[in-house]
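What follows is a single structure, written as C-alpha cells, with notes after it.
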Amino acid sequence: MALVIGAVTVVYTNLLVRRLSEREQQQIDLYAKALRFVINSESDDTNIQFASTEIIEANKTIPVIWADAEGTVLDYRNLDVPARLNEAERERLLHREIDEMRSQHPPIVVELGAGLRNYIYYKDSVILSQLRTYPLVQLAVIASLAVVAYFAFSYSRRAEQNRVWVGLAKETAHQLGTPLSSLMAWQSYMKDSPRFEGEPVVEELAKDIRRLEIITERFSNIGSVPVLKDEDIYQVAERAVDYLKVRVSRKVVFKVESLLPPGATARVNVPLLEWVIENVCKNAVDAMDGRGSITLVLRHGGRNHKQIALDITDTGKGIPKSKFETVFLPGYTTKKRGWGLGLALAKRIIENYHKGRLYVRWSEVGKGTTFRVLLNA
Ligand SMILES: Nc1ncnc2c1ncn2[C@@H]1O[C@H](COP(=O)(O)OP(=O)(O)OP(=O)(O)O)[C@@H](O)[C@H]1O
Ligand SMILES: [Mg+2]
C-alpha cells in the first residue's frame with residue numbers, strides 16, 4: 001500500500017515539476033525579452049516603463065544574474081546575498097552562483113549590437129528545487145515507515161509466540177500436578193503395605209513418578225522466569241547422558257569429555273538444560289538409525305572464549321547446509337512421527353532463558369552433525 005502511494009506521488013510530483021519547470025522557462029524567456037527590449041531602446045516611453053516594472057520586476061521567484069561577456073555582474077535578482085558581505089566576497093558568491101546556474105541551464109544571450117553581448121544566467125526557483133527533492137523525502141519517509149512496521153510486526157509476533165509457549169507450558173505443569181500428587185500418595189501407600197512387600201513394582205512406580213516430576217518441573221520452569229544457578233556443567237552433562245543411555249539402543253555409544261578445568265561451572269537451569277541435551281541427543285539417535293556414537297565435549301568458546309561450549313556430535317546422516325537454520329523452525333520435521341518441536345524448544349530454552357546460543361556447528365551429509373550449545377560461565 002505504502003509503495004503504491006509512494007509510486008503515485010512520485011509520478012504526480014514529477015508531472016508538477018515538469019509543468020512548473022516549463023512555466024519558469026517561459027517566464028525567464030519573457031524576462032530576457034523584456035530586458036533586451038529595455039537595453040536596446042533609447043527613449044524612455046511608457047512601453048519601456050511597462051516592460052521594466054511589470055515584467056522585469058515581476059520576477060520574484062526565479063534567481064537570475066545578468067552579466068556582461070567578461071563575467072562582470074551587472075545586476076541580480078532573487079538571490080540571497082547577505083548585506084554584511086564586502087565587494088570581493090559578494091563577487092565570489094555571485095560567481096559561484098553563476099557556475100551553479102550554468103550547470104542547470106545554458107544562459108540566455110542578449111545581443112547588444114556591435115558584437116557586444118550580455119548573458120542572463122538563471123536557475124530553478126526555490127519552490128521548484130524543493131519540489132524536485134520532495135519524492136526523495138517521501139521515499140525516505142516510506143522506507144523508514146516500512147522498517148518501523150517490520151520491527152513492530154516481528155516484535156508483536158514474537159511476543160505472541162512467547163505467550164503461547166509460556167501459557168501452554170504453565171497449563172501443562174498445572175494439570176500434571178494433580179494426578180502426580182495422587183500417584184505419590186498411592187506409591188507411599190503401596191510401599192507401606194505388606195501386600196506389596198518385595199514387589200519390584202513399587203520401585204518401578206517410584207522411578208516413573210520421579211520421571212513425571214522432572215517433566216512437570218520442566219514445564220513449570222519454561223512457564224515462568226527460570227532460576228539460573230552456577231552448576232558443575234560436566235556433572236549436569238553426565239547425568240543427562242546417564243539418564244538417556246539406558247533408554248536407547250545399546251548400539252549407540254555415548255561419551256562425555258571435558259576440556260574445562262575440573263569443577264567448571266555455567267549459569268544454567270538444570271531441568272531445562274537436561275531437556276535440551278535430551279532433545280538434541282534424541283535427534284542424534286534418530287539420525288543414526290540406532291547405531292553409532294554420540295560424543296559430548298565441553299570446552300571454552302564463544303565470546304572472547306569466555307563462554308562454555310557444549311558440542312554434541314553424532315555419526316548420523318547429517319544435515320545439508322541449506323537446512324542449518326531451518327531445523328530450528330517450529331514444525332520443521334523430516335520424520336513420520338515428528339512434530340518438529342524438539343529443536344525449536346531447545347533453541348528457545350538456550351537463547352531466551354539462558355541468553356546463550358544453539359546452532360549447527362558442523363554437519364556433512366552421510367558423516368554426522370555437531371550441535372553447539374553456548375552457555376554463559
Ligand atoms: N542430529 C541430526 N542429524 C540429522 N538431522 C537432524 C539432526 N537433528 C535434527 N535433524 C533434523 O531436524 C529436524 C527437526 O528436528 P526437531 O527435533 O526440531 O524435530 P523432530 O525431531 O523431527 O520432531 P520432535 O523433536 O518434535 O519429535 C528433524 O526432523 C531432522 O530432519
Ligand atoms: Mg527431535
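Residues in the C-alpha cells are named by chain (A, B, ... in the order shown) and by number from 1 within that chain; ligands are numbered from 1 in the order shown.
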
* Run DSSP on the backbone and give me the residues of segment 60-193 of chain A it puts in alpha helix (DSSP H), as a PyMOL selection string. => chain A and resi 87-104+126-192

* Write out as a VMD selection string each polymer residue whose atoms come within 12 Å of Leu131 of chain A, counting only C-alpha atoms; drop sequence neighbours fewer than 4 positions from it. => chain A and resid 9 to 10 12 to 21 124 to 127 135 to 138

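When only C-alpha atoms are used to compute distances to Tyr134 of chain A, the closest of the residues A:Val11, A:His354, A:Leu260, A:Lys335 turns out to be A:Val11.
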
Residues of chain A that approach ligand 1 to 8 Å or less, counting only C-alpha atoms and all ligand atoms: could you list each one with the shortest pair of atoms and its distance in Å to one decimal, rows by chain and increasing residue number, as a tab-separated table?
residue	atom	partner	partner_atom_place_in_ligand_line	distance
A:Asn279	CA	ligand 1	17 (O)	6.3
A:Val280	CA	ligand 1	8 (N)	6.4
A:Cys281	CA	ligand 1	1 (N)	7.4
A:Lys282	CA	ligand 1	21 (O)	7.5
A:Asn283	CA	ligand 1	8 (N)	4.5
A:Ala284	CA	ligand 1	1 (N)	3.9
A:Val285	CA	ligand 1	1 (N)	7.5
A:Asp286	CA	ligand 1	2 (C)	7.4
A:Ala287	CA	ligand 1	3 (N)	4.7
A:Met288	CA	ligand 1	3 (N)	7.7
A:Thr313	CA	ligand 1	1 (N)	7.7
A:Asp314	CA	ligand 1	1 (N)	6.3
A:Gly316	CA	ligand 1	3 (N)	5.7
A:Lys317	CA	ligand 1	4 (C)	5.5
A:Gly318	CA	ligand 1	4 (C)	4.4
A:Ile319	CA	ligand 1	4 (C)	4.9
A:Thr326	CA	ligand 1	12 (O)	7.8
A:Val327	CA	ligand 1	12 (O)	4.3
A:Phe328	CA	ligand 1	18 (O)	5.7
A:Leu329	CA	ligand 1	18 (O)	7.0
A:Pro330	CA	ligand 1	18 (O)	6.6
A:Gly331	CA	ligand 1	18 (O)	7.2
A:Tyr332	CA	ligand 1	14 (C)	5.4
A:Thr333	CA	ligand 1	29 (O)	3.4
A:Thr334	CA	ligand 1	29 (O)	4.0
A:Lys335	CA	ligand 1	29 (O)	5.1
A:Arg337	CA	ligand 1	27 (O)	6.9
A:Gly338	CA	ligand 1	23 (O)	3.6
A:Trp339	CA	ligand 1	26 (O)	3.6
A:Gly340	CA	ligand 1	19 (O)	3.2
A:Leu341	CA	ligand 1	26 (O)	3.6
A:Gly342	CA	ligand 1	25 (O)	3.4
A:Leu343	CA	ligand 1	18 (O)	3.7
A:Ala344	CA	ligand 1	18 (O)	5.5
A:Leu345	CA	ligand 1	18 (O)	7.6
A:Gly368	CA	ligand 1	3 (N)	6.6
A:Thr369	CA	ligand 1	1 (N)	5.5
A:Thr370	CA	ligand 1	1 (N)	7.3
A:Phe371	CA	ligand 1	1 (N)	7.5

* Identify all residues of segment 66-255 of chain A in strand (DSSP E) (DSSP on the backbone) and supply them as JSON, numbers by chain. => {"A": [66, 67, 68, 73, 74, 75, 76, 77, 108, 109, 110, 111, 112, 113, 116, 117, 118, 119, 120, 121, 122, 229, 230, 231, 232, 252, 253, 254, 255]}
